[in-house]
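J.: Sharing a structure here in structure tokens format.
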Amino acid sequence: MKHAFEVLNKEFIYTYVRQVDEHDLCRLEMRSFFGNDSPSNVIKSKVEIDPSRSPFMKERLEVIFSGNDLNELKGHASDFVTNKTFKVTCLNSIALDTTPKLHHPERRSIEREIGELIQGEADLLEPEVNFGIVLLDEVWYFGLLQESEPIWRFHMKKPHMYSTALSTRVARAVANIAVPHPEGIRAIDPCCGIGTVLVEARSMGIDIVGRDINPLVCLGSRKNLAYFGLEGEVVMGPISEVTDTYDAAIIDMPYNLFTHITAEGQLDILRNARRITSKLVVVTIEPMDHMITEAGFEIVDRCIAKKGTFERQIVVCE
């Protein structure tokens, strides 16, 4: 008999919900997490990511067993034992890649049939563990289900905001692109502004410090962090004064429309970034590939983040 959580060679199935304008940004985040992406709204990987980190992930299924048809899945389910109260949910409530959605009555029937075969106590209201079933590319999968919590949505209303800041959703994706696997990684946002990226990064446990030349936005950034119960260092001063080195840096590049920075000033920021880090994610509204190259970085990946007619380039450099 099989027991939940006794799984070797883990495999995960992640489902996604994203708007058309977010498609490229979502795929860049995928590549950062998994080393590859998917043009559809589902991806399989052996890489384990908390689905609540991504602003695009809907849920994660940690596969326990699979079957080429539903009867084979039922056979596995009849041998499955759990000592925790459980609930079973079918994930095919939306079309997944080329697999069409299953209608509500069919999903409920499948959930009931599988749940009745599992050796354990079902609890539909307050289960100790959630199991999921999904049909994908004509194969049925069963496993531990973790639904994404949209933590980033709670950060949309900050006590200090300004109109040119990144959206919370983009900021969270950018933090993931820069630091997809946070363990042992030190990061810096040397032009942190009001702290939109800092809030998202710190809420995911990323070790990141902030910095800005404007004392008022530094104060606002600290207050925003504190408002959400987050801790993080925010220092006033230019990037040229940074003496430590970091594994990654994120720069939402200041630009002429809203600041007095010149092209020379932007290039100076990039050159100093090259001095303190080997990985940089640049957010810019204008092309600056030549500056990035001149500063000593190589562009390794990129995408366009759109919001209506407004576009930002997200450029990954090493």
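Ordered as shown in the structure tokens, chains take letters A, B, and onward, while each chain numbers its residues from 1 and ligands are numbered from 1 in the order shown.
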Which residues of region 14-46 of chain A have any atom within 6 Å of an atom in region 294-307 of chain A when counting only C-alpha atoms, and what is the closest pair of atoms for each, with the distance in Å to one decimal? Order the rows by chain and rising number and write it as a tab-separated table.
T.:
residue	atom	partner	partner_atom	distance
A:Asp21	CA	A:Lys306	CA	5.3
A:Asp24	CA	A:Cys303	CA	5.8
A:Leu25	CA	A:Ala305	CA	5.7
J.: For the residues in that selection, give me C-alpha atoms as a PDB file, in the first residue's frame.
T.:
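Dumped everything to out.pdb:
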ATOM      1  CA  ASP A  21      -0.612  41.165 -21.880  1.00  0.00           C
ATOM      2  CA  ASP A  24       5.644  37.054 -22.085  1.00  0.00           C
ATOM      3  CA  LEU A  25       6.355  38.107 -18.505  1.00  0.00           C
TER       4      LEU A  25
END
J.: Find the residues of region 135-193 of chain A that sit at most 9 Å from region 258-278 of chain A; for each, write down the nearest two atoms and how far apart they are in Å, to one decimal. Count only C-alpha atoms. Sort by chain, then by number going up, and give it as JSON lines.
T.:
{"residue": "A:Thr164", "atom": "CA", "partner": "A:Phe258", "partner_atom": "CA", "distance": 8.2}
{"residue": "A:Ala187", "atom": "CA", "partner": "A:Thr277", "partner_atom": "CA", "distance": 8.7}
{"residue": "A:Ile188", "atom": "CA", "partner": "A:Thr277", "partner_atom": "CA", "distance": 8.9}
{"residue": "A:Pro190", "atom": "CA", "partner": "A:Ala273", "partner_atom": "CA", "distance": 8.5}
J.: Using N, CA, C and O atoms, can you export the residues from the last selection as a CSV table (one decimal), in the first residue's frame?
T.:
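And here's selection11.csv as it stands now:
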chain,number,residue,atom,x,y,z
A,164,THR,N,4.1,56.1,-11.2
A,164,THR,CA,5.1,55.5,-12.1
A,164,THR,C,5.7,54.3,-11.6
A,164,THR,O,6.6,53.6,-12.2
A,187,ALA,N,20.6,39.9,-2.5
A,187,ALA,CA,20.2,40.8,-3.6
A,187,ALA,C,20.1,42.2,-3.1
A,187,ALA,O,20.0,42.5,-1.9
A,188,ILE,N,20.1,43.1,-4.1
A,188,ILE,CA,20.0,44.6,-3.8
A,188,ILE,C,19.1,45.2,-4.9
A,188,ILE,O,19.1,44.8,-6.0
A,190,PRO,N,19.1,48.9,-5.9
A,190,PRO,CA,19.8,50.2,-5.5
A,190,PRO,C,19.0,51.4,-6.0
A,190,PRO,O,19.5,52.5,-5.7
J.: May I have a table of the residues of region 10-47 of chain A lying at most 8 Å from region 168-177 of chain A, giving each one's closest pair of atoms and their distance in Å to one decimal, counting only C-alpha atoms, ordered by chain and ascending residue number, as a Markdown table?
T.:
| residue | atom | partner | partner_atom | distance |
| --- | --- | --- | --- | --- |
| A:Leu25 | CA | A:Ala173 | CA | 7.5 |
| A:Cys26 | CA | A:Ala173 | CA | 7.6 |
| A:Leu28 | CA | A:Ile177 | CA | 7.1 |
| A:Glu29 | CA | A:Ile177 | CA | 5.3 |
| A:Ser32 | CA | A:Ile177 | CA | 5.3 |
| A:Phe33 | CA | A:Ile177 | CA | 7.5 |
J.: Rank nothing, just name the residue among A:Glu116, A:Glu48, A:Asp247, A:Asp289 nearest to Ala178 (chain A), using only C-alpha atoms.
T.: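 Going through A:Glu116, A:Glu48, A:Asp247, A:Asp289 one by one, the smallest distance to Ala178 (chain A) is for A:Asp247.
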J.: Using DSSP assignments from the backbone, pull out every residue in region 246-298 of chain A that falls under strand (DSSP E) and give it to me as an MDAnalysis selection string.
T.: chainID A and resid 248:252 280:284
J.: Generate the output file for the selected residues, N, CA, C and O atoms, as a short mmCIF file (atom, residue, chain, number, x, y, z; two decimals), in the first residue's frame.
T.:
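Produced file again-v3.cif, reproduced below:
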data_model
loop_
_atom_site.label_atom_id
_atom_site.label_comp_id
_atom_site.auth_asym_id
_atom_site.auth_seq_id
_atom_site.Cartn_x
_atom_site.Cartn_y
_atom_site.Cartn_z
N ALA A 248 22.63 39.17 -6.90
CA ALA A 248 21.69 39.67 -7.90
C ALA A 248 21.29 41.09 -7.56
O ALA A 248 21.30 41.50 -6.39
N ALA A 249 20.96 41.85 -8.60
CA ALA A 249 20.47 43.22 -8.41
C ALA A 249 19.28 43.43 -9.33
O ALA A 249 19.18 42.85 -10.41
N ILE A 250 18.36 44.27 -8.87
CA ILE A 250 17.19 44.66 -9.65
C ILE A 250 17.20 46.18 -9.77
O ILE A 250 17.29 46.88 -8.75
N ILE A 251 17.12 46.67 -10.99
CA ILE A 251 17.10 48.12 -11.20
C ILE A 251 15.92 48.49 -12.08
O ILE A 251 15.87 48.12 -13.26
N ASP A 252 14.94 49.17 -11.49
CA ASP A 252 13.89 49.81 -12.26
C ASP A 252 14.47 51.16 -12.66
O ASP A 252 14.46 52.11 -11.87
N LEU A 280 21.99 40.88 -13.13
CA LEU A 280 21.20 42.11 -13.04
C LEU A 280 19.92 41.94 -13.84
O LEU A 280 19.92 41.44 -14.96
N VAL A 281 18.80 42.36 -13.25
CA VAL A 281 17.54 42.46 -13.98
C VAL A 281 17.19 43.95 -14.09
O VAL A 281 17.03 44.64 -13.08
N VAL A 282 17.13 44.43 -15.32
CA VAL A 282 16.85 45.84 -15.60
C VAL A 282 15.41 45.98 -16.08
O VAL A 282 14.98 45.23 -16.96
N VAL A 283 14.70 46.93 -15.50
CA VAL A 283 13.37 47.30 -15.98
C VAL A 283 13.49 48.68 -16.59
O VAL A 283 13.94 49.62 -15.95
N THR A 284 13.11 48.81 -17.86
CA THR A 284 13.29 50.08 -18.56
C THR A 284 12.17 50.33 -19.54
O THR A 284 11.61 49.39 -20.11
#
